[in-house]
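Colleague: mmCIF, C-alpha atoms, saved as query-v7.cif, coming up:
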data_input
#
loop_
_atom_site.label_atom_id
_atom_site.label_comp_id
_atom_site.auth_asym_id
_atom_site.auth_seq_id
_atom_site.Cartn_x
_atom_site.Cartn_y
_atom_site.Cartn_z
CA MET V 1 -102.75 -52.11 119.59
CA THR V 2 -101.12 -55.17 121.15
CA MET V 3 -103.09 -58.07 122.59
CA GLN V 4 -102.04 -56.98 126.09
CA GLU V 5 -103.31 -53.45 125.46
CA GLN V 6 -106.59 -54.81 124.12
CA LEU V 7 -107.01 -57.02 127.20
CA ARG V 8 -106.28 -54.10 129.52
CA ALA V 9 -108.83 -51.93 127.71
CA LEU V 10 -111.39 -54.73 128.04
CA VAL V 11 -110.72 -55.04 131.79
CA GLU V 12 -111.03 -51.27 132.21
CA ARG V 13 -114.36 -51.16 130.33
CA HIS V 14 -115.78 -54.03 132.34
CA LEU V 15 -114.81 -52.44 135.65
CA VAL V 16 -116.57 -49.21 134.62
CA ASN V 17 -119.62 -51.26 133.62
CA LEU V 18 -119.60 -53.09 136.96
CA VAL V 19 -119.66 -49.81 138.85
CA GLU V 20 -122.52 -48.55 136.64
CA GLN V 21 -124.45 -51.77 137.25
CA LEU V 22 -123.96 -51.33 140.99
CA ALA V 23 -125.54 -47.89 140.76
CA THR V 24 -128.58 -49.51 139.13
CA VAL V 25 -128.75 -52.19 141.84
CA THR V 26 -128.50 -49.49 144.51
CA GLU V 27 -131.40 -47.62 142.95
CA LEU V 28 -133.47 -50.80 142.64
CA LEU V 29 -132.88 -51.70 146.29
CA THR V 30 -133.85 -48.26 147.59
CA PRO V 31 -137.35 -48.61 149.01
CA LYS V 32 -139.98 -45.99 148.52
CA ASP V 33 -143.01 -45.78 150.75
CA GLY V 34 -141.53 -48.19 153.30
CA ALA V 35 -141.43 -51.27 151.07
CA LEU V 36 -139.86 -52.58 147.91
CA PRO V 37 -141.81 -54.31 145.13
CA ILE V 38 -140.68 -57.90 144.66
CA ALA V 39 -140.06 -57.21 140.94
CA GLN V 40 -137.28 -54.78 141.89
CA VAL V 41 -135.63 -57.42 144.07
CA VAL V 42 -135.77 -59.91 141.20
CA GLU V 43 -134.29 -57.37 138.78
CA ALA V 44 -131.54 -56.42 141.26
CA GLN V 45 -130.72 -60.10 141.74
CA ALA V 46 -130.40 -60.65 137.98
CA ILE V 47 -128.00 -57.71 137.64
CA THR V 48 -126.04 -58.82 140.70
CA HIS V 49 -125.70 -62.28 139.17
CA GLN V 50 -124.25 -60.68 136.02
CA ILE V 51 -121.82 -58.67 138.14
CA LYS V 52 -120.69 -61.87 139.87
CA GLY V 53 -120.03 -63.60 136.56
CA THR V 54 -118.32 -60.67 134.89
CA ALA V 55 -116.12 -60.01 137.92
CA GLY V 56 -114.99 -63.63 137.92
CA SER V 57 -114.29 -63.61 134.19
CA MET V 58 -112.38 -60.34 134.36
CA GLY V 59 -110.15 -61.38 137.25
CA PHE V 60 -111.79 -59.50 140.13
CA PRO V 61 -112.37 -62.30 142.68
CA ASP V 62 -113.19 -59.97 145.60
CA ILE V 63 -115.96 -58.27 143.64
CA GLY V 64 -117.17 -61.67 142.46
CA ALA V 65 -117.32 -63.05 146.01
CA ALA V 66 -119.16 -60.01 147.37
CA ALA V 67 -121.59 -60.03 144.43
CA GLY V 68 -122.13 -63.76 144.99
CA ALA V 69 -123.12 -63.18 148.62
CA LEU V 70 -125.59 -60.47 147.60
CA ASP V 71 -126.89 -62.60 144.73
CA GLU V 72 -127.69 -65.50 147.08
CA HIS V 73 -129.40 -63.22 149.58
CA LEU V 74 -131.50 -61.57 146.88
CA LYS V 75 -132.51 -65.00 145.54
CA THR V 76 -133.91 -65.77 148.98
CA LEU V 77 -135.72 -62.44 149.19
CA GLY V 78 -137.09 -62.99 145.70
CA THR V 79 -139.02 -66.04 146.86
CA ARG V 80 -141.19 -63.95 149.16
CA THR V 81 -144.61 -62.80 148.15
CA GLY V 82 -145.67 -59.20 148.20
CA PRO V 83 -143.60 -56.09 148.82
CA ILE V 84 -140.46 -56.42 150.94
CA PRO V 85 -140.60 -54.23 154.09
CA THR V 86 -137.63 -51.92 154.65
CA VAL V 87 -136.54 -53.80 157.77
CA ALA V 88 -136.22 -57.03 155.76
CA LEU V 89 -133.89 -55.24 153.32
CA GLN V 90 -131.28 -54.43 155.97
CA PRO V 91 -129.04 -57.47 155.27
CA ALA V 92 -129.22 -56.84 151.52
CA GLN V 93 -128.30 -53.18 152.06
CA GLU V 94 -125.30 -54.22 154.15
CA LEU V 95 -124.12 -56.73 151.53
CA LEU V 96 -124.60 -54.11 148.82
CA GLY V 97 -122.58 -51.60 150.85
CA THR V 98 -119.73 -54.11 151.14
CA LEU V 99 -119.85 -54.82 147.42
CA ARG V 100 -119.82 -51.12 146.57
CA ARG V 101 -116.84 -50.43 148.87
CA ILE V 102 -114.89 -53.27 147.27
CA ALA V 103 -115.77 -52.17 143.73
CA GLU V 104 -115.00 -48.52 144.40
CA GLY V 105 -111.61 -49.48 145.83
CA THR V 106 -110.74 -51.69 142.88
CA THR V 107 -108.56 -50.56 140.01
CA PRO V 108 -108.11 -52.27 136.65
CA ALA V 109 -104.53 -53.14 137.60
CA MET V 110 -105.90 -55.31 140.44
CA SER V 111 -107.37 -57.71 137.88
CA ALA V 112 -105.57 -61.01 137.49
CA LEU V 113 -105.78 -60.43 133.72
CA TYR V 114 -104.35 -56.92 133.66
CA SER V 115 -100.74 -58.07 133.88
CA ALA V 116 -101.23 -61.53 132.44
CA ASP V 117 -98.29 -62.94 130.50
CA LEU V 118 -99.58 -63.24 126.96
CA SER V 119 -96.20 -63.97 125.40
CA ARG V 120 -97.05 -67.69 125.08
CA LEU V 121 -100.05 -66.82 122.93
CA ALA V 122 -98.05 -64.93 120.31
#
How would this structure read if it were set down as structure tokens?

Modeller:
Amino acid sequence: MTMQEQLRALVERHLVNLVEQLATVTELLTPKDGALPIAQVVEAQAITHQIKGTAGSMGFPDIGAAAGALDEHLKTLGTRTGPIPTVALQPAQELLGTLRRIAEGTTPAMSALYSADLSRLA
């Protein structure tokens, strides 16, 4: 397997992982009984932060920017005390929806690394 093929496989795996992580964040940010425990917000923020970093490293700037916006919002929510009421989650839900739409519309070939010229490294 060439270095380019290895890099493409890595990008593909990371994109699949990002989508899986988004499913976890979606589940964490789905309130039950009208409120969301603060621990779930903190966990969702940590995963979102990972998504932001991985997206940037793997050449997906749009995913990284959207994850960054959600990450910052969740950091703010995470400073609250007590359960988060559903109404207070509306902005986070909207940011998550934007992030999911971007991620679901992204293909590995859209990564800046997917078609990188590696000939200088050989």

Colleague: Can you translate the PyMOL selection byres ((chain V and resi 88-102) around 9) into the concrete residues it hits in this file, as a PyMOL selection string?

Modeller: chain V and resi 19+22-23+25-26+29-31+35-36+62-67+69-70+73-74+77+84-87+103-106

Colleague: Once the PyMOL selection byres ((chain V and resi 10) around 12) is applied to the coordinates I shared, what remains selected? I want it as a list of chain:residue names.

Modeller: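 After applying the PyMOL selection byres ((chain V and resi 10) around 12), what remains is V:Met3, V:Gln4, V:Glu5, V:Gln6, V:Leu7, V:Arg8, V:Ala9, V:Val11, V:Glu12, V:Arg13, V:His14, V:Leu15, V:Val16, V:Asn17, V:Thr54, V:Ser57, V:Met58, V:Gly59, V:Pro108, V:Ala109, V:Ser111, V:Leu113, V:Tyr114.
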
Colleague: Between atom CA of V:Ala55 and atom CA of V:Glu20, what is the distance in Å, rounded to a tenth?

Modeller: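 Between atom CA of V:Ala55 and atom CA of V:Glu20 the gap works out to 13.2 Å.
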
Colleague: Kindly resolve the PyMOL selection byres ((chain V and resi 50) around 10) on the present coordinates and return the residues as a short mmCIF file (atom, residue, chain, number, x, y, z; two decimals) with C-alpha atoms, in the coordinates of the input.

Modeller:
data_model
loop_
_atom_site.label_atom_id
_atom_site.label_comp_id
_atom_site.auth_asym_id
_atom_site.auth_seq_id
_atom_site.Cartn_x
_atom_site.Cartn_y
_atom_site.Cartn_z
CA LEU V 18 -119.60 -53.09 136.96
CA GLN V 21 -124.45 -51.77 137.25
CA ALA V 44 -131.54 -56.42 141.26
CA GLN V 45 -130.72 -60.10 141.74
CA ALA V 46 -130.40 -60.65 137.98
CA ILE V 47 -128.00 -57.71 137.64
CA THR V 48 -126.04 -58.82 140.70
CA HIS V 49 -125.70 -62.28 139.17
CA ILE V 51 -121.82 -58.67 138.14
CA LYS V 52 -120.69 -61.87 139.87
CA GLY V 53 -120.03 -63.60 136.56
CA THR V 54 -118.32 -60.67 134.89
CA ALA V 55 -116.12 -60.01 137.92
CA GLY V 56 -114.99 -63.63 137.92
CA GLY V 64 -117.17 -61.67 142.46
CA ALA V 67 -121.59 -60.03 144.43
CA GLY V 68 -122.13 -63.76 144.99
CA ASP V 71 -126.89 -62.60 144.73
#

Colleague: For the atom pair atom CA of V:Phe60 and atom CA of V:Thr107, what is the interatomic distance in Å to one decimal place?

Modeller: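 Interatomic distance here is 9.5 Å.
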
Colleague: Go ahead and compute the interatomic distance for atom CA of V:Pro83 and atom CA of V:Ile38, in Å to one decimal.

Modeller: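 Going from atom CA of V:Pro83 over to atom CA of V:Ile38 covers 5.4 Å.
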
Colleague: I'd like to know which of V:Ala116, V:Met110, V:Met1, V:Val42 is closest to V:Thr79, using only C-alpha atoms.

Modeller: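 The answer is V:Val42, which sits nearest to V:Thr79.
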